Structure formats: C-alpha cells, structure tokens
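First up is the structure itself, then whatever we jot down about it.
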Amino acid sequence: MEVDAWSEWAGSEPQAPPGVPPAAAGPGDLDGLYDLVVTRAARLAGIGDALLWLVDDDSRLVVRRGIGRFASAAGRTLGKGEGLAGEVWQAGGPLAATGLQGVGTGLCVPLVAGASVVGVLGVAWSEPGRLAGDAESELLAGWGELAGTVIDRAGRPLGQGWLPGTAERYRTLSEQIPAVLYSEMHTPGGAVVYESPQYQQWFGYTVEDAMQPDFWKTLVHPDDREWVLAENERVDRTGDPWNVEYRTIAKDGRVVWLRDHAVMVRGEHGEPDYWQGYYIDITEQKQAEEALRQALEREHQALERERQAARQLRALDEMKNTFLDAVSHELRTPLATVIGIALTLQRAGSSLTEEDTVDLVDRLVANAGKLDRLLADLLDLDRLSKGILEPQRSRTDLVALVGRVAQEWRQRSGRQLEVLAEPVVAWVDSAKVERVVENLLANAGRHTTPDTPVWVRVARRDGDVLLAVEDAGGGVPRELRATLFEPFRRGPGAAAHAPGVGIGLSLVARFAELHGGRAWVQDRPGGGASFQVLLPDAAEPADVGGRA
C-alpha cells in the first residue's frame, strides 16, 4: 500500500528545509522499547499493523515506530485534533473509527504518564465489516497506560518523571483488564502453568480446573471443536502464532465467544519453550454481527419479496390485458350479432319470409348461448377462485351425457365426432362434467382443422372415471403442457382476436379438482393430443351408511 493512501491516519510528512531528513524514529537506546510497545499492541489486537505516536517538543504527534503496513510511517506528524490519533490526544480516551481511507477500521488509545497524554498507540484492521469491540479497546488502553509510564520514564533523566509502583500497576492490569492471560508449556497435552483470575468469573470453573491437561479443549463448543483442535495441532507443530475465534460453553451452559491469541516463546537456543497468550470475550460483538447479518438477510428477503410482488403484479397486469382483449372480443362478436338480428327483426317485421325469420331466430339463440356460456365460465372461475363452489353430485349416466354434448357439438361445428364409451354410471356433478366435455370439445375445435378426426372416450379406470377428448392434430409441445390449464393461457401462436378467452381448459382443471380429480394432456398414440380428466367415483350418501 502507498503511504499517501493513509496519510490522514498516520499523519503528513514534516515540512523541513531542503536536505534535512524527516524526524528520526527516536533515540537509539529507545528503539527496542518502541518496538516492544507496538509489537505487543499488535499481538494484543491479533493483527500485524500498529503505530506509535509520541508528543514532541513542538506539541505535535510524531510517528516513532510503525509495523506492518505502517513500517514506513516514521516521522509523520499530526496536530492535536487532527485525524483519529489527534482526536485521542485531545480527548484523552480511546476512539475507534471505521471506513478510514486505506485502513478500514482503526483503534487508537492514549499513552498516559501521570495526568498527561505523552503519545498515542494505534492498531488497524483491514477486514471488511470488522468492528473494534469494547474488550479490545479496554485491553489496549491498559497496555497504553503501562507503556506511557515506561516510555515517559525511559525518555527522561534519572529521577524525573518516574511514577512509582510500575510492577504493581502491571500486576493489577493483568488481573483487572477484560481479558484472561495464560501461559502454557510446549509439551504433549499442553500443561497450563498460569491462568489469570478472570477465568473463574467468565466460565464458572476454578483456575485449578483450568490447569488440568487439555481441560480447555473440553469447553470448546461441539460445532467448533473439530476445526479448533486441528488448528491447535497445526500451530503446535509449526510454531505459528495462534489466532482464532471460537465458541466455548461455560459451566452454566452459556455460549461464550472468544478471540484467542498466543505466541510461541522460545528458549535461549531457539527451541520452543511455552505459549504466552490471552483471550477476550467477543460474545457481544458476535451477537451484534449476527444481528446485523440477520437484519441484512431480512432486508434482502424483504427486497426479494418486493421484487416477487412486482413480478406478480406485472404478470397479473399482463393477464388482465390479455383477459380484457379476449373477453371484449368474445363479448362484442355475439353481442353485435344479437343486436343486429334484433334490430332486423324489429325493423323488418312481417316483411321477412318465414325462412329468413327462422334463420335469424336460430342465429339469435346461438349467439345468446355463446354469451351465456362465456358469462357462466367467468362466474364459475370467480367462484372457484374464492372457494365458494361446491359439487352438486347425483347418479349420472355419463354415456348419455357425453352423447348429448357430442351431438350438440356436431350440429354447431358441422364436424365429425366419434364417441367411444363403455357403460358408466357415476356419482358426480353432472352440470360440471357436461361443462368439462363442452370445453374440451371447444378447445379441439379451435386448435384443429375441420377435417381433423376428433374422439370422445369414456371408461372406468381402477374404479374411477376417465374422460378423454382426443384429436389427430399437431399435438401440444411438452414445454406448454404444465401451463396450459392456467387461466387465460391460449396456446402458442394465438392471434389477438382469435376465438376463445383462455379459460376453458382452466375450468376443466378446476372442475376436475372440485371432484377430487385432475386434468392433463399427453400425446395421443398415432399422433395428436389427448386431453384427459380423471374423476373419483365418490360413494352416494346411502352407500356411506349402507343400503337397506
């Protein structure tokens, strides 16, 4: 990363005369102390990017040491109130910020010596959405307080600026900060040799419990145990830093999220000696992140519901337009004919021949019948959609019913129709079954040529009734069969003003469902389409209680 990308975070280059180098990192004998302060701060935060600012004689913050992304920041300066570090210097307390240019999330704490802020310690996380928790802020603030005292003492002549009791302050810090400090020997089983007293407050177990071999592993949440133990085995083998977030189970059953960090401390000759680490409770942070995730998920679901509703509204609008176009045509055509014939009869009166009068009356009746069937279909579709239509069953001779409907269709269409039926008497709603056959024949008439053979079949199938209207036409493509029985579907290639509204097959399916049956279309053996309806033959009321 270029230094300029985070100049508002680390500070600006000092303005010096030509040839004069930027401010030095610090006196040579303090370099080790500065390195210790920023390195330990980075470890406490579980990251590798940290900065140390100190107040110089010109009352500005100067970067004395940076590690990770900030390794080249030494010498940059900030004034009081400038940037996040300058605000911390001014306020005298920890501050965190997200969305920092080139940094992400930053956390700064003051270095305090006595009642004065002598510097600022900062760490940064680059992960998107990363938050700095209260526990991390308090932990780093405690380290900043201790580091400020040590740096102030080390940078002054003997006898000046020293605050007594540093060892006691360090012990108090280690036992009161919101973190558990621990040491674990690098041995098989990992013998714990120190666990700070906060452990008992957090988990309900004693420190002596914690020092039992591998006791900590028994507290790991079952859902996390496998991968946590695998990572533990890996860092034991490689000596890499231990840096994990996982769930544990307290003695009272609470789930506690931990951010656990540890580093390998090596002996004089580089051999692994012991693990030095700490962990902090990040349960509230995880709960906040989960709440944010759930809120985003709910927002996404709400947005998806809105999109789905919009799609449905568009589909309904398209269906409405299709319906209005089709219905308006279907209503206007017979209505115009009815009005025309009525006006002719009214004006011509007795001047018409008997033959013309009979023809006009026949046409009047036929077109009025079309209007009646269309309105009946629309009303039935509405009642079915509202669930207020119930079947009116009676014992019905289906062969006679189908034969009557077939004869009427032959007369209206002038086409040939063959009825193939075995004797079937069933307990059905005869009016609805009649409409089923009428609509299937009307569909066959609309979608086949006048010379195409058409058949009606009636048969028993496993005690139920099977009705089928078949034709030797072009058939129905497989991709259309699932939607063909939906309202206002009129098949491929239907012209805007072609006969039919697109509700006939929908009523066929709804009437079948009203009987507890179903409707479908399949290929006819030998070519064409076979529209089939299966109707359960329900028992008559007398059959339920037994016949006398």
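Identifiers for the structure tokens are assigned positionally: chains receive A, B, ... in sequence, residues are indexed from 1 per chain, and ligands are indexed from 1 in the order shown.
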Could you pull out the strand (DSSP E or B) residues of segment 236-410 of chain A from DSSP and send them as number ranges by chain? A: 242-249, 255-266, 272-281, 394-397
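Relative to atom CA of Thr483 of chain A, atom CA of Arg461 of chain A is found at 25.4 Å.
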DSSP helix (DSSP H, G or I) residues within segment 105-270 of chain A, as a VMD selection string: chain A and resid 134 to 154 166 to 176 198 to 203 207 to 210 215 to 219 222 to 238
Could you turn the residues from that selection into a file that holds C-alpha atoms, as a PDB file, in the first residue's frame?
```pdb
ATOM      1  CA  ASP A 134     -15.118  -2.759  23.945  1.00  0.00           C
ATOM      2  CA  ALA A 135     -12.959  -5.567  25.294  1.00  0.00           C
ATOM      3  CA  GLU A 136     -10.215  -4.841  22.734  1.00  0.00           C
ATOM      4  CA  SER A 137     -10.424  -1.136  23.471  1.00  0.00           C
ATOM      5  CA  GLU A 138     -10.058  -1.660  27.228  1.00  0.00           C
ATOM      6  CA  LEU A 139      -7.242  -4.183  26.786  1.00  0.00           C
ATOM      7  CA  LEU A 140      -5.251  -1.887  24.503  1.00  0.00           C
ATOM      8  CA  ALA A 141      -5.965   1.110  26.750  1.00  0.00           C
ATOM      9  CA  GLY A 142      -4.491  -0.759  29.701  1.00  0.00           C
ATOM     10  CA  TRP A 143      -1.375  -1.558  27.723  1.00  0.00           C
ATOM     11  CA  GLY A 144      -1.190   2.071  26.571  1.00  0.00           C
ATOM     12  CA  GLU A 145      -1.293   3.279  30.174  1.00  0.00           C
ATOM     13  CA  LEU A 146       1.542   0.984  31.172  1.00  0.00           C
ATOM     14  CA  ALA A 147       3.564   1.760  28.018  1.00  0.00           C
ATOM     15  CA  GLY A 148       3.118   5.504  28.522  1.00  0.00           C
ATOM     16  CA  THR A 149       4.586   5.292  32.004  1.00  0.00           C
ATOM     17  CA  VAL A 150       7.565   3.231  30.842  1.00  0.00           C
ATOM     18  CA  ILE A 151       8.276   5.420  27.798  1.00  0.00           C
ATOM     19  CA  ASP A 152       7.992   8.612  29.856  1.00  0.00           C
ATOM     20  CA  ARG A 153      10.409   7.238  32.448  1.00  0.00           C
ATOM     21  CA  ALA A 154      12.876   5.918  29.879  1.00  0.00           C
ATOM     22  CA  THR A 166       5.093   0.049  37.876  1.00  0.00           C
ATOM     23  CA  ALA A 167       5.370  -3.648  38.755  1.00  0.00           C
ATOM     24  CA  GLU A 168       2.296  -3.386  40.951  1.00  0.00           C
ATOM     25  CA  ARG A 169       0.448  -1.498  38.231  1.00  0.00           C
ATOM     26  CA  TYR A 170       1.352  -4.244  35.723  1.00  0.00           C
ATOM     27  CA  ARG A 171       0.084  -6.960  38.078  1.00  0.00           C
ATOM     28  CA  THR A 172      -3.120  -5.026  38.679  1.00  0.00           C
ATOM     29  CA  LEU A 173      -3.533  -4.511  34.951  1.00  0.00           C
ATOM     30  CA  SER A 174      -3.094  -8.207  34.168  1.00  0.00           C
ATOM     31  CA  GLU A 175      -5.731  -9.171  36.741  1.00  0.00           C
ATOM     32  CA  GLN A 176      -8.308  -6.461  36.042  1.00  0.00           C
ATOM     33  CA  GLN A 198     -10.790 -13.549  35.346  1.00  0.00           C
ATOM     34  CA  TYR A 199     -11.090 -17.146  34.103  1.00  0.00           C
ATOM     35  CA  GLN A 200     -13.299 -18.176  37.025  1.00  0.00           C
ATOM     36  CA  GLN A 201     -15.571 -15.147  36.579  1.00  0.00           C
ATOM     37  CA  TRP A 202     -16.060 -15.938  32.901  1.00  0.00           C
ATOM     38  CA  PHE A 203     -16.543 -19.672  32.920  1.00  0.00           C
ATOM     39  CA  VAL A 207      -8.192 -21.714  37.941  1.00  0.00           C
ATOM     40  CA  GLU A 208      -7.148 -25.165  39.246  1.00  0.00           C
ATOM     41  CA  ASP A 209      -9.688 -26.716  36.850  1.00  0.00           C
ATOM     42  CA  ALA A 210      -8.154 -24.733  34.001  1.00  0.00           C
ATOM     43  CA  PHE A 215      -9.207 -29.032  30.103  1.00  0.00           C
ATOM     44  CA  TRP A 216      -9.747 -26.030  27.818  1.00  0.00           C
ATOM     45  CA  LYS A 217     -10.475 -28.362  24.913  1.00  0.00           C
ATOM     46  CA  THR A 218     -13.499 -29.803  26.737  1.00  0.00           C
ATOM     47  CA  LEU A 219     -15.051 -26.310  26.845  1.00  0.00           C
ATOM     48  CA  PRO A 222     -19.123 -29.122  19.802  1.00  0.00           C
ATOM     49  CA  ASP A 223     -19.736 -27.388  16.466  1.00  0.00           C
ATOM     50  CA  ASP A 224     -16.269 -25.757  16.586  1.00  0.00           C
ATOM     51  CA  ARG A 225     -14.269 -28.491  18.302  1.00  0.00           C
ATOM     52  CA  GLU A 226     -13.039 -30.363  15.236  1.00  0.00           C
ATOM     53  CA  TRP A 227     -11.516 -27.415  13.412  1.00  0.00           C
ATOM     54  CA  VAL A 228     -10.221 -25.716  16.596  1.00  0.00           C
ATOM     55  CA  LEU A 229      -8.332 -28.841  17.658  1.00  0.00           C
ATOM     56  CA  ALA A 230      -6.976 -29.271  14.127  1.00  0.00           C
ATOM     57  CA  GLU A 231      -5.681 -25.687  14.171  1.00  0.00           C
ATOM     58  CA  ASN A 232      -4.211 -26.241  17.656  1.00  0.00           C
ATOM     59  CA  GLU A 233      -2.337 -29.291  16.375  1.00  0.00           C
ATOM     60  CA  ARG A 234      -1.035 -27.337  13.388  1.00  0.00           C
ATOM     61  CA  VAL A 235       0.376 -24.383  15.365  1.00  0.00           C
ATOM     62  CA  ASP A 236       1.877 -26.764  17.941  1.00  0.00           C
ATOM     63  CA  ARG A 237       3.689 -28.439  15.067  1.00  0.00           C
ATOM     64  CA  THR A 238       4.750 -25.304  13.173  1.00  0.00           C
TER      65      THR A 238
END
```
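If you look at atom CA of Arg518 of chain A and atom CA of Glu422 of chain A, they are 20.8 Å away from each other.
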